[in-house]
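protein18.cif (mmCIF, C-alpha atoms (C1' of nucleotides))
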data_upload
loop_
_atom_site.label_atom_id
_atom_site.label_comp_id
_atom_site.auth_asym_id
_atom_site.auth_seq_id
_atom_site.Cartn_x
_atom_site.Cartn_y
_atom_site.Cartn_z
CA MET T 1 19.07 37.52 8.79
CA VAL T 2 20.09 34.68 6.51
CA ASP T 3 22.97 32.65 7.84
CA LEU T 4 25.09 32.38 4.70
CA GLU T 5 27.68 30.09 6.20
CA LYS T 6 25.09 27.54 7.21
CA ILE T 7 23.46 27.62 3.81
CA LYS T 8 26.79 27.24 2.03
CA GLN T 9 27.48 24.21 4.14
CA ALA T 10 24.17 22.62 3.22
CA PHE T 11 24.43 23.44 -0.49
CA PRO T 12 27.87 22.89 -1.94
CA PHE T 13 26.92 24.39 -5.31
CA ILE T 14 26.71 27.84 -3.76
CA GLN T 15 30.50 27.87 -3.56
CA GLU T 16 30.46 28.35 -7.34
CA LEU T 17 28.56 31.62 -7.10
CA SER T 18 30.20 34.99 -6.64
CA PRO T 19 29.12 37.13 -3.67
CA THR T 20 27.44 39.44 -6.19
CA ASP T 21 25.44 36.57 -7.65
CA ILE T 22 24.36 35.49 -4.21
CA MET T 23 23.41 38.99 -3.20
CA GLU T 24 21.36 39.53 -6.33
CA PHE T 25 19.57 36.26 -5.71
CA LEU T 26 18.92 37.04 -2.08
CA GLY T 27 17.65 40.48 -3.05
CA HIS T 28 14.72 38.83 -4.76
CA THR T 29 13.82 36.61 -1.85
CA ARG T 30 11.67 37.44 1.08
CA LEU T 31 11.12 35.87 4.45
CA MET T 32 7.75 34.50 5.49
CA GLU T 33 7.16 33.74 9.13
CA LEU T 34 4.48 31.25 10.00
CA GLU T 35 2.92 29.88 13.12
CA ALA T 36 2.02 26.26 13.64
CA GLY T 37 -1.10 25.52 11.63
CA ASP T 38 -0.73 28.39 9.16
CA ILE T 39 -1.55 27.58 5.56
CA PHE T 40 0.58 29.38 2.98
CA LEU T 41 -0.52 27.77 -0.28
CA GLU T 42 -4.00 26.45 -0.99
CA GLN T 43 -5.05 23.55 -3.16
CA GLY T 44 -6.10 25.08 -6.49
CA SER T 45 -3.75 28.05 -6.23
CA ARG T 46 -1.50 29.07 -9.10
CA LYS T 47 0.89 31.27 -7.15
CA GLY T 48 4.30 30.03 -8.29
CA CYS T 49 6.95 30.28 -5.61
CA ILE T 50 9.95 28.33 -4.51
CA TYR T 51 10.39 28.02 -0.77
CA PHE T 52 13.41 27.22 1.32
CA VAL T 53 12.68 26.05 4.85
CA LYS T 54 14.99 28.06 7.07
CA SER T 55 13.46 26.64 10.22
CA GLY T 56 10.41 24.65 11.11
CA LEU T 57 8.43 22.00 9.33
CA VAL T 58 5.89 21.95 6.53
CA ARG T 59 3.43 19.41 5.23
CA SER T 60 1.49 19.24 1.99
CA TYR T 61 -1.82 17.45 1.81
CA TYR T 62 -4.67 16.62 -0.47
CA THR T 63 -8.28 17.21 0.51
CA ASP T 64 -10.84 14.94 -1.12
CA ASP T 65 -14.55 15.47 -1.77
CA ASN T 66 -15.46 14.39 1.76
CA GLY T 67 -13.03 16.85 3.29
CA GLU T 68 -10.64 14.05 4.23
CA GLU T 69 -7.02 15.15 4.29
CA THR T 70 -4.15 12.98 3.09
CA THR T 71 -0.62 14.15 3.81
CA ASN T 72 1.75 13.36 0.99
CA ARG T 73 4.98 15.10 1.91
CA LEU T 74 6.92 16.69 4.74
CA ARG T 75 9.71 19.20 4.43
CA CYS T 76 11.90 20.41 7.22
CA GLU T 77 14.90 22.68 7.79
CA ASN T 78 17.27 23.23 4.86
CA GLU T 79 14.93 21.63 2.38
CA VAL T 80 13.45 23.23 -0.69
CA LEU T 81 9.83 22.87 -1.69
CA SER T 82 7.38 24.12 -4.23
CA SER T 83 4.13 23.07 -5.79
CA TYR T 84 5.30 20.80 -8.56
CA GLU T 85 2.05 21.17 -10.47
CA ILE T 86 2.49 24.93 -10.61
CA ASP T 87 6.21 25.00 -11.29
CA LEU T 88 6.56 22.05 -13.63
CA PHE T 89 3.23 22.04 -15.49
CA ASP T 90 1.76 25.47 -14.96
CA LYS T 91 -1.33 23.85 -13.43
CA PRO T 92 -3.12 24.67 -10.18
CA SER T 93 -1.66 23.02 -7.10
CA ARG T 94 -3.26 19.72 -6.13
CA PHE T 95 -2.10 20.16 -2.57
CA THR T 96 -2.36 22.55 0.32
CA PHE T 97 0.79 23.56 2.19
CA GLN T 98 0.77 24.10 5.92
CA ALA T 99 3.35 24.85 8.59
CA LEU T 100 3.29 22.30 11.39
CA GLU T 101 5.58 24.28 13.67
CA PRO T 102 6.66 27.89 13.90
CA THR T 103 8.35 28.11 10.53
CA GLU T 104 10.51 30.53 8.58
CA LEU T 105 10.39 30.25 4.80
CA ILE T 106 12.68 32.06 2.40
CA MET T 107 10.67 32.44 -0.78
CA ILE T 108 11.21 33.61 -4.30
CA ASP T 109 8.71 34.09 -7.09
CA SER T 110 9.01 31.35 -9.72
CA ALA T 111 8.88 33.81 -12.62
CA ILE T 112 11.71 35.86 -11.14
CA MET T 113 13.65 32.69 -10.48
CA ARG T 114 13.29 31.74 -14.13
CA GLN T 115 14.59 35.16 -15.16
CA LEU T 116 17.57 34.79 -12.87
CA LEU T 117 18.27 31.33 -14.23
CA ASP T 118 18.17 32.60 -17.81
CA LYS T 119 20.43 35.51 -16.99
CA ASN T 120 22.92 33.63 -14.86
CA PRO T 121 23.70 30.10 -16.04
CA LYS T 122 25.74 29.47 -12.91
CA LEU T 123 22.53 29.32 -10.92
CA GLU T 124 21.61 26.33 -13.04
CA ALA T 125 23.87 24.22 -10.84
CA GLY T 126 21.57 24.93 -7.94
CA ARG T 127 18.50 23.98 -9.84
CA THR T 128 20.12 20.77 -11.01
CA TYR T 129 21.19 20.00 -7.48
CA PHE T 130 17.67 20.25 -6.10
CA MET T 131 16.09 18.42 -9.00
CA LYS T 132 18.56 15.58 -8.56
CA LYS T 133 17.89 15.48 -4.85
CA THR T 134 14.14 15.45 -5.30
CA LEU T 135 14.40 12.91 -8.09
CA SER T 136 16.50 10.58 -6.02
CA GLU T 137 14.04 10.78 -3.13
CA CYS T 138 11.13 10.10 -5.45
CA LEU T 139 12.76 7.18 -7.21
CA SER T 140 13.63 5.52 -3.97
CA ALA T 141 10.12 6.16 -2.61
CA ILE T 142 8.62 4.45 -5.65
CA ASP T 143 10.96 1.50 -5.34
CA ASP T 144 9.91 1.21 -1.71
CA PHE T 145 6.25 1.07 -2.66
CA ILE T 146 7.01 -1.61 -5.22
CA LEU T 147 9.48 -3.71 -3.26
CA LEU T 148 8.52 -3.33 0.39
CA SER T 149 5.49 -4.24 2.50
CA PRO T 150 3.82 -1.50 4.57
CA GLU T 151 5.58 -2.82 7.67
CA LYS T 152 8.98 -2.69 5.96
CA ARG T 153 8.24 0.77 4.62
CA TYR T 154 7.45 1.94 8.13
CA LEU T 155 10.66 0.49 9.54
CA LYS T 156 12.64 2.10 6.73
CA PHE T 157 10.96 5.44 7.33
CA ALA T 158 11.72 5.19 11.03
CA THR T 159 15.42 4.62 10.39
CA ASP T 160 15.68 7.11 7.52
CA TYR T 161 13.88 9.96 9.28
CA PRO T 162 14.17 9.36 13.02
CA GLN T 163 13.81 13.10 13.75
CA LEU T 164 10.42 13.24 12.05
CA MET T 165 9.04 10.38 14.14
CA ASN T 166 8.72 12.60 17.20
CA ARG T 167 7.80 15.76 15.38
CA VAL T 168 4.68 14.82 13.45
CA PRO T 169 1.50 12.84 14.22
CA MET T 170 1.62 9.19 13.21
CA LYS T 171 -1.40 9.67 10.97
CA TYR T 172 0.65 11.84 8.63
CA ILE T 173 3.27 9.14 8.40
CA ALA T 174 0.57 6.55 7.76
CA ASN T 175 -0.68 8.67 4.87
CA MET T 176 2.77 8.92 3.34
CA LEU T 177 3.23 5.16 3.65
CA GLY T 178 -0.02 4.67 1.73
CA ILE T 179 -1.90 3.03 4.61
CA THR T 180 -4.54 4.09 7.14
CA PRO T 181 -3.62 5.38 10.60
CA VAL T 182 -5.44 2.42 12.12
CA SER T 183 -3.35 0.02 10.12
CA LEU T 184 -0.14 1.78 11.09
CA SER T 185 -1.10 1.51 14.72
CA ARG T 186 -1.50 -2.26 14.33
CA ILE T 187 1.83 -2.51 12.53
CA ARG T 188 3.52 -0.64 15.37
CA LYS T 189 1.98 -2.99 17.88
CA ARG T 190 3.08 -6.00 15.85
CA ILE T 191 6.65 -4.74 15.78
CA ALA T 192 6.65 -3.90 19.48
CA THR T 193 5.46 -7.36 20.51
CA LYS T 194 7.81 -9.14 18.10
CA LYS T 195 10.94 -7.98 19.88
CA HIS T 196 9.45 -9.12 23.24
CA MET L 1 20.33 6.41 -39.35
CA VAL L 2 18.89 8.74 -36.75
CA ASP L 3 15.70 10.42 -37.87
CA LEU L 4 16.45 13.97 -36.79
CA GLU L 5 13.06 15.37 -37.73
CA LYS L 6 11.24 12.87 -35.58
CA ILE L 7 13.51 13.50 -32.65
CA LYS L 8 13.13 17.25 -32.98
CA GLN L 9 9.39 16.80 -32.90
CA ALA L 10 9.55 14.74 -29.73
CA PHE L 11 12.02 17.04 -27.98
CA PRO L 12 11.30 20.72 -28.47
CA PHE L 13 14.47 21.80 -26.73
CA ILE L 14 16.56 20.52 -29.61
CA GLN L 15 15.37 23.48 -31.68
CA GLU L 16 17.66 25.60 -29.53
CA LEU L 17 20.75 23.73 -30.61
CA SER L 18 22.75 24.57 -33.69
CA PRO L 19 23.35 21.81 -36.27
CA THR L 20 26.97 21.78 -35.16
CA ASP L 21 25.97 21.21 -31.54
CA ILE L 22 23.70 18.39 -32.55
CA MET L 23 26.31 16.80 -34.74
CA GLU L 24 28.94 16.94 -32.03
CA PHE L 25 26.52 15.34 -29.60
CA LEU L 26 25.52 12.63 -32.03
CA GLY L 27 29.17 11.96 -32.79
CA HIS L 28 29.58 10.70 -29.25
CA THR L 29 26.58 8.41 -29.37
CA ARG L 30 26.43 4.90 -30.65
CA LEU L 31 23.62 2.59 -31.60
CA MET L 32 22.99 -0.65 -29.77
CA GLU L 33 20.71 -3.20 -31.37
CA LEU L 34 19.07 -5.73 -29.10
CA GLU L 35 16.85 -8.73 -29.52
CA ALA L 36 13.92 -9.52 -27.27
CA GLY L 37 15.27 -10.84 -23.98
CA ASP L 38 18.71 -9.29 -24.29
CA ILE L 39 20.12 -7.82 -21.10
CA PHE L 40 22.24 -4.71 -21.58
CA LEU L 41 22.91 -3.60 -18.01
CA GLU L 42 23.24 -5.92 -15.02
CA GLN L 43 22.29 -5.33 -11.41
CA GLY L 44 25.54 -4.33 -9.67
CA SER L 45 27.11 -2.76 -12.73
CA ARG L 46 28.70 0.69 -12.65
CA LYS L 47 28.78 1.34 -16.38
CA GLY L 48 27.34 4.85 -16.62
CA CYS L 49 25.41 5.43 -19.81
CA ILE L 50 22.36 7.34 -20.91
CA TYR L 51 20.10 5.54 -23.32
CA PHE L 52 17.51 6.81 -25.72
CA VAL L 53 14.99 4.24 -26.93
CA LYS L 54 14.82 4.69 -30.68
CA SER L 55 12.55 1.71 -31.08
CA GLY L 56 11.39 -1.15 -28.94
CA LEU L 57 10.72 -1.55 -25.27
CA VAL L 58 12.87 -1.99 -22.18
CA ARG L 59 12.18 -3.08 -18.63
CA SER L 60 14.25 -2.76 -15.50
CA TYR L 61 13.88 -5.21 -12.68
CA TYR L 62 15.22 -6.13 -9.30
CA THR L 63 16.29 -9.68 -8.45
CA ASP L 64 16.02 -10.66 -4.79
CA ASP L 65 17.89 -13.29 -2.81
CA ASN L 66 15.51 -16.03 -3.97
CA GLY L 67 16.00 -15.12 -7.61
CA GLU L 68 12.54 -13.55 -7.79
CA GLU L 69 12.33 -10.72 -10.30
CA THR L 70 10.33 -7.56 -9.70
CA THR L 71 9.85 -5.20 -12.62
CA ASN L 72 9.93 -1.58 -11.57
CA ARG L 73 9.91 0.40 -14.79
CA LEU L 74 9.18 0.21 -18.50
CA ARG L 75 10.55 2.52 -21.15
CA CYS L 76 9.46 2.58 -24.77
CA GLU L 77 10.13 4.55 -27.96
CA ASN L 78 11.34 8.14 -27.61
CA GLU L 79 11.98 7.78 -23.91
CA VAL L 80 15.27 8.27 -22.12
CA LEU L 81 16.56 5.94 -19.47
CA SER L 82 19.58 5.36 -17.33
CA SER L 83 20.50 3.70 -14.09
CA TYR L 84 19.71 6.38 -11.57
CA GLU L 85 21.93 4.81 -8.94
CA ILE L 86 24.91 5.04 -11.26
CA ASP L 87 24.20 8.46 -12.71
CA LEU L 88 22.86 10.25 -9.66
CA PHE L 89 24.79 8.62 -6.83
CA ASP L 90 27.75 6.93 -8.43
CA LYS L 91 26.62 3.65 -6.91
CA PRO L 92 26.17 0.26 -8.58
CA SER L 93 22.84 -0.25 -10.30
CA ARG L 94 20.17 -1.91 -8.18
CA PHE L 95 18.37 -3.07 -11.30
CA THR L 96 18.93 -5.11 -14.42
CA PHE L 97 17.87 -3.70 -17.78
CA GLN L 98 16.44 -5.92 -20.47
CA ALA L 99 14.93 -5.42 -23.92
CA LEU L 100 11.46 -6.94 -24.18
CA GLU L 101 11.23 -6.52 -27.94
CA PRO L 102 13.73 -6.02 -30.74
CA THR L 103 15.09 -2.70 -29.56
CA GLU L 104 17.41 0.03 -30.81
CA LEU L 105 19.11 2.15 -28.19
CA ILE L 106 21.10 5.29 -28.85
CA MET L 107 23.60 5.49 -26.03
CA ILE L 108 26.17 7.89 -24.74
CA ASP L 109 28.70 7.50 -21.97
CA SER L 110 27.69 9.44 -18.85
CA ALA L 111 31.18 10.87 -18.36
CA ILE L 112 31.25 12.17 -21.92
CA MET L 113 27.76 13.55 -21.50
CA ARG L 114 28.93 15.45 -18.43
CA GLN L 115 31.84 16.90 -20.42
CA LEU L 116 29.49 18.00 -23.18
CA LEU L 117 27.16 19.57 -20.65
CA ASP L 118 30.01 21.49 -19.06
CA LYS L 119 31.29 22.66 -22.42
CA ASN L 120 27.96 23.55 -23.96
CA PRO L 121 25.45 25.11 -21.56
CA LYS L 122 22.74 24.96 -24.23
CA LEU L 123 22.60 21.21 -23.79
CA GLU L 124 21.49 21.89 -20.24
CA ALA L 125 18.00 22.55 -21.58
CA GLY L 126 17.81 18.95 -22.67
CA ARG L 127 18.93 17.65 -19.36
CA THR L 128 16.43 19.85 -17.57
CA TYR L 129 13.70 18.68 -19.93
CA PHE L 130 14.28 15.02 -19.16
CA MET L 131 14.70 15.55 -15.47
CA LYS L 132 11.43 17.47 -15.33
CA LYS L 133 9.70 14.76 -17.31
CA THR L 134 11.03 12.00 -15.09
CA LEU L 135 10.31 13.99 -11.97
CA SER L 136 6.74 14.63 -13.00
CA GLU L 137 6.20 10.93 -13.68
CA CYS L 138 7.70 10.01 -10.34
CA LEU L 139 5.73 12.55 -8.35
CA SER L 140 2.49 11.44 -9.86
CA ALA L 141 3.40 7.78 -9.32
CA ILE L 142 4.00 8.46 -5.64
CA ASP L 143 0.74 10.35 -5.29
CA ASP L 144 -1.02 7.40 -6.89
CA PHE L 145 0.47 5.00 -4.35
CA ILE L 146 -0.63 7.29 -1.55
CA LEU L 147 -4.06 8.27 -2.80
CA LEU L 148 -5.31 5.32 -4.87
CA SER L 149 -6.21 1.72 -4.15
CA PRO L 150 -4.53 -1.01 -6.21
CA GLU L 151 -7.69 -1.31 -8.31
CA LYS L 152 -7.76 2.43 -9.03
CA ARG L 153 -4.05 2.38 -9.81
CA TYR L 154 -4.63 -0.38 -12.33
CA LEU L 155 -7.47 1.48 -14.01
CA LYS L 156 -5.35 4.62 -14.16
CA PHE L 157 -2.44 2.71 -15.62
CA ALA L 158 -4.73 1.18 -18.23
CA THR L 159 -5.98 4.59 -19.35
CA ASP L 160 -2.60 6.31 -19.11
CA TYR L 161 -0.62 3.66 -20.97
CA PRO L 162 -3.08 1.74 -23.15
CA GLN L 163 -0.33 0.81 -25.61
CA LEU L 164 1.67 -0.97 -22.91
CA MET L 165 -1.29 -3.14 -21.87
CA ASN L 166 -0.94 -5.31 -24.95
CA ARG L 167 2.82 -5.19 -25.18
CA VAL L 168 3.95 -6.52 -21.83
CA PRO L 169 2.91 -9.41 -19.56
CA MET L 170 0.43 -8.51 -16.84
CA LYS L 171 2.83 -9.69 -14.19
CA TYR L 172 5.18 -6.81 -14.98
CA ILE L 173 2.31 -4.38 -14.59
CA ALA L 174 1.34 -6.02 -11.30
CA ASN L 175 4.90 -5.51 -10.07
CA MET L 176 4.83 -1.83 -10.99
CA LEU L 177 1.50 -1.41 -9.21
CA GLY L 178 3.04 -2.87 -6.08
CA ILE L 179 0.83 -5.97 -5.99
CA THR L 180 1.20 -9.66 -6.92
CA PRO L 181 0.22 -11.00 -10.34
CA VAL L 182 -2.42 -13.17 -8.65
CA SER L 183 -3.97 -10.15 -7.02
CA LEU L 184 -4.00 -8.23 -10.30
CA SER L 185 -5.76 -11.11 -11.98
CA ARG L 186 -8.49 -10.96 -9.33
CA ILE L 187 -8.79 -7.21 -9.72
CA ARG L 188 -9.21 -7.60 -13.46
CA LYS L 189 -11.93 -10.15 -12.92
CA ARG L 190 -13.69 -7.90 -10.42
CA ILE L 191 -13.66 -5.03 -12.90
CA ALA L 192 -14.87 -7.24 -15.75
CA THR L 193 -17.83 -8.57 -13.78
CA LYS L 194 -18.73 -5.16 -12.37
CA LYS L 195 -19.64 -3.72 -15.74
CA HIS L 196 -21.83 -6.81 -16.47
"C1'" DA V 1 -5.57 22.85 36.79
"C1'" DG V 2 -9.42 21.52 34.07
"C1'" DC V 3 -11.90 21.13 29.93
"C1'" DA V 4 -12.17 20.44 25.05
"C1'" DT V 5 -10.00 18.77 20.99
"C1'" DT V 6 -7.18 15.89 18.57
"C1'" DA V 7 -4.47 11.79 18.12
"C1'" DA V 8 -3.66 6.92 19.00
"C1'" DT V 9 -5.08 2.64 20.12
"C1'" DT V 10 -8.21 -1.18 20.43
"C1'" DA V 11 -12.15 -3.93 18.97
"C1'" DT V 12 -15.16 -5.97 15.49
"C1'" DC V 13 -16.25 -7.10 11.09
"C1'" DT V 14 -15.67 -6.99 5.98
"C1'" DT V 15 -12.77 -6.80 2.12
"C1'" DT V 16 -8.60 -7.36 -0.04
"C1'" DT V 17 -4.16 -9.20 -0.55
"C1'" DG V 18 -0.44 -12.70 -0.08
"C1'" DT V 19 0.85 -17.51 -0.63
"C1'" DT V 20 0.93 -21.82 -2.70
"C1'" DA V 21 -0.52 -24.93 -5.89
"C1'" DA V 22 -3.37 -26.54 -9.64
"C1'" DT V 23 -5.31 -25.68 -14.07
"C1'" DC V 24 -6.05 -23.34 -18.29
"C1'" DT V 25 -4.00 -20.38 -22.16
"C1'" DT V 26 -0.77 -18.48 -24.87
"C1'" DT V 27 3.54 -18.22 -26.92
"C1'" DC V 28 7.47 -19.82 -29.16
"C1'" DG V 29 10.96 -22.85 -31.03
"C1'" DG V 30 11.94 -26.96 -33.53
"C1'" DC Q 1 1.99 -28.43 -36.21
"C1'" DC Q 2 3.25 -30.11 -31.90
"C1'" DG Q 3 5.19 -29.95 -27.40
"C1'" DA Q 4 7.64 -27.33 -23.87
"C1'" DA Q 5 7.73 -23.24 -21.31
"C1'" DA Q 6 5.90 -19.18 -19.61
"C1'" DG Q 7 1.88 -16.45 -18.47
"C1'" DA Q 8 -2.80 -15.95 -16.66
"C1'" DT Q 9 -6.39 -17.52 -14.10
"C1'" DT Q 10 -8.65 -20.00 -10.42
"C1'" DA Q 11 -9.00 -22.14 -5.91
"C1'" DA Q 12 -8.32 -22.40 -0.93
"C1'" DC Q 13 -6.56 -20.68 3.09
"C1'" DA Q 14 -3.87 -17.43 6.09
"C1'" DA Q 15 -2.52 -12.81 6.93
"C1'" DA Q 16 -3.09 -8.11 6.47
"C1'" DA Q 17 -5.64 -3.95 5.55
"C1'" DG Q 18 -9.91 -1.05 5.24
"C1'" DA Q 19 -13.99 0.81 7.62
"C1'" DT Q 20 -16.43 2.17 11.57
"C1'" DA Q 21 -16.95 2.98 16.23
"C1'" DA Q 22 -15.56 3.05 21.00
"C1'" DT Q 23 -12.05 3.90 24.28
"C1'" DT Q 24 -7.81 5.71 25.98
"C1'" DA Q 25 -3.96 8.98 25.71
"C1'" DA Q 26 -1.99 13.29 24.62
"C1'" DT Q 27 -2.26 18.13 23.58
"C1'" DG Q 28 -3.69 22.65 23.67
"C1'" DC Q 29 -6.07 26.51 25.50
"C1'" DT Q 30 -8.02 29.79 28.78
#

Please express what this file holds, its structure, as structure tokens.
Amino acid sequence: MVDLEKIKQAFPFIQELSPTDIMEFLGHTRLMELEAGDIFLEQGSRKGCIYFVKSGLVRSYYTDDNGEETTNRLRCENEVLSSYEIDLFDKPSRFTFQALEPTELIMIDSAIMRQLLDKNPKLEAGRTYFMKKTLSECLSAIDDFILLSPEKRYLKFATDYPQLMNRVPMKYIANMLGITPVSLSRIRKRIATKKH
Amino acid sequence: MVDLEKIKQAFPFIQELSPTDIMEFLGHTRLMELEAGDIFLEQGSRKGCIYFVKSGLVRSYYTDDNGEETTNRLRCENEVLSSYEIDLFDKPSRFTFQALEPTELIMIDSAIMRQLLDKNPKLEAGRTYFMKKTLSECLSAIDDFILLSPEKRYLKFATDYPQLMNRVPMKYIANMLGITPVSLSRIRKRIATKKH
DNA sequence: AGCATTAATTATCTTTTGTTAATCTTTCGG
DNA sequence: CCGAAAGATTAACAAAAGATAATTAATGCT
């Protein structure tokens, strides 16, 4: 089922936990299997869960009044995700979450997770780890918006996440860069012609 | 010296700590008094500290190869700040930190803070509190860059942080919005003429 | 394989932003 | 209170981005 060795490798903090701790934690999780296109959390929902992407790829997106979708985040294998509105502020999710590929999610209810965290302080290390990771990504994303042009942001994205470039439509990447798909297409052309 | 009541009010998690815990923590802090313009952490530095703004206002900014400064963050009273590069990644700070007003900072060495956190798990609540707060700010900042135009971002900033509008130069705000000061000036004019 | 759908590119035009420099305004130190 | 310095605005032009629509390319489905 869950490949413990692989997970341990990805998350050093797990080394700190006893097998019993891990087993208790895993006992509260369940596996969700999704097909490409499946939506597992709707904008407006309050269902608090924390998800670990065992395999596959997930996007979250915002739908505006005209039904236009704007993708704001992608999460792939070995990454953790949740609706930050629900889990941090107890508000309904602003975003919808959708699998883009056949995807396996290991999920745990947020309320149960909180109980486990209260009961077992050692789990705290895991929480801290993921918060730090997310925080570092966010801080650097903000600095990119402030310091870099759209073209530079695209080039940085392409080098930072080369795997994603072939796995998701360009329009999602355009959204995340804060520009329109049309504009990204022009940027790509500009870059291509620059280097002959 | 430190107004405990005020701090308790601002940070609910402190209620959880015993007076002894608080006193031990405070024993490791020291007060730094700055005048407007003083720089207390330079780009490239590795001095790990966590700062609490008791009074005043602080900006962090990036200096590029041409000596151009770009402000990326402001922190005012009752906010916590640190160099995220130093504290999260053990790398030199990308930014310089400067007081914009007469400012009092309560500071503690990051290494000592880590020791205290290891020794006293109850302090963890405080760390979690600030990480959540920072994370929520960052996530919403990113969503603003993705979903809002520069003009909308400015209007949102003006309503979210009305105090800051009169306390800092517009050019710093322009930087944080990811646009040039000239462009912000035009946006402000556009808005002013729109509503007659 | 063939058709329908979706994504990507291109084209055209409008709007906004960046850049540079000049001109007001404000602020601050002597 | 005055003059220097820094900030904000304005102007003028070039470059980039948004919006819309048309065309081409890719993808998925039966």

- Message: Residues near V:DG30, anyone? I mean within 12 Å using all atoms listed in the file, not counting same-chain ones fewer than 4 positions away, as a ChimeraX atom specification.
- Response: /Q:1-4

- Item | Residue IDs satisfying the PyMOL selection byres ((chain T) within 6 of (chain L)), as a list in words |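 Listing what the PyMOL selection byres ((chain T) within 6 of (chain L)) selects in the shown file: Leu135, Cys138, Ile146 and Gly178 of chain T.
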
- Could the residues of chain L within 12 Å of chain V, counting all atoms listed in the file, be given as a PyMOL selection string, please? chain L and resi 149-151+169+178-187+190

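Separating atom CA of L:Tyr129 from atom CA of L:Leu164 is a distance of 23.2 Å.
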
- Task: Kindly determine which residues of chain Q lie within 9 Å of chain T, considering all atoms listed in the file, and give the answer as a PyMOL selection string.
- Result: chain Q and resi 16-18

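Near L:Asp90, within a cut-off of 10 Å and counting only C-alpha atoms (C1' of nucleotides), sit the residues Arg46, Lys47, Gly48, Ser83, Tyr84, Glu85 and Ile86 of chain L, with same-chain residues fewer than 4 positions away left out.
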
- Message: Selection in question (the file shown): the PyMOL selection byres ((chain T and resi 20-27) around 10). Which residues does it include, as a ChimeraX atom specification?
- Response: /T:2,4,14-19,28-30,106-108,112-113,116-117,120,122-123

- Task: Rounded to one decimal place, report the atom CA of T:Met170-atom CA of T:Arg75 distance in Å.
- Result: 15.6 Å

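Our summary of the geometry notes that atom CA of L:Lys189 is positioned 18.0 Å from atom CA of L:Pro162.
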
Enclose all atoms of stretch 105-114 of chain T listed in the file in an axis-aligned box, grow every side by 4 Å, and hand back centre and edge lengths in Å to one decimal, as lines of an AutoDock Vina configuration file.
center_x = 11.2
center_y = 33.1
center_z = -4.7
size_x = 12.9
size_y = 13.6
size_z = 26.9

- Message: Please enumerate the residues selected by the PyMOL selection byres ((chain T and resi 37) around 7) when evaluated against the supplied file, formatted as a ChimeraX atom specification.
- Response: /T:35-36,38-39,98-100

Mind completing stretch 43-54 of chain L with N, CA and C atoms? Output as a short mmCIF file (atom, residue, chain, number, x, y, z; two decimals), in the coordinates of the input, please?
data_model
loop_
_atom_site.label_atom_id
_atom_site.label_comp_id
_atom_site.auth_asym_id
_atom_site.auth_seq_id
_atom_site.Cartn_x
_atom_site.Cartn_y
_atom_site.Cartn_z
N GLN L 43 22.31 -5.71 -12.82
CA GLN L 43 22.29 -5.33 -11.41
C GLN L 43 23.73 -5.39 -10.88
N GLY L 44 24.18 -4.35 -10.20
CA GLY L 44 25.54 -4.33 -9.67
C GLY L 44 26.54 -3.63 -10.56
N SER L 45 26.18 -3.41 -11.80
CA SER L 45 27.11 -2.76 -12.73
C SER L 45 27.30 -1.28 -12.39
N ARG L 46 28.43 -0.73 -12.85
CA ARG L 46 28.70 0.69 -12.65
C ARG L 46 28.90 1.42 -13.97
N LYS L 47 28.57 0.75 -15.06
CA LYS L 47 28.78 1.34 -16.38
C LYS L 47 27.77 2.47 -16.61
N GLY L 48 28.23 3.70 -16.51
CA GLY L 48 27.34 4.85 -16.62
C GLY L 48 27.06 5.22 -18.06
N CYS L 49 25.81 5.07 -18.47
CA CYS L 49 25.41 5.43 -19.81
C CYS L 49 24.00 6.01 -19.76
N ILE L 50 23.72 6.86 -20.76
CA ILE L 50 22.36 7.34 -20.91
C ILE L 50 21.85 6.78 -22.22
N TYR L 51 20.65 6.23 -22.17
CA TYR L 51 20.10 5.54 -23.32
C TYR L 51 18.85 6.25 -23.80
N PHE L 52 18.74 6.31 -25.11
CA PHE L 52 17.51 6.81 -25.72
C PHE L 52 16.91 5.65 -26.50
N VAL L 53 15.64 5.36 -26.24
CA VAL L 53 14.99 4.24 -26.93
C VAL L 53 14.50 4.71 -28.28
N LYS L 54 15.22 4.30 -29.32
CA LYS L 54 14.82 4.69 -30.68
C LYS L 54 13.62 3.86 -31.11
#
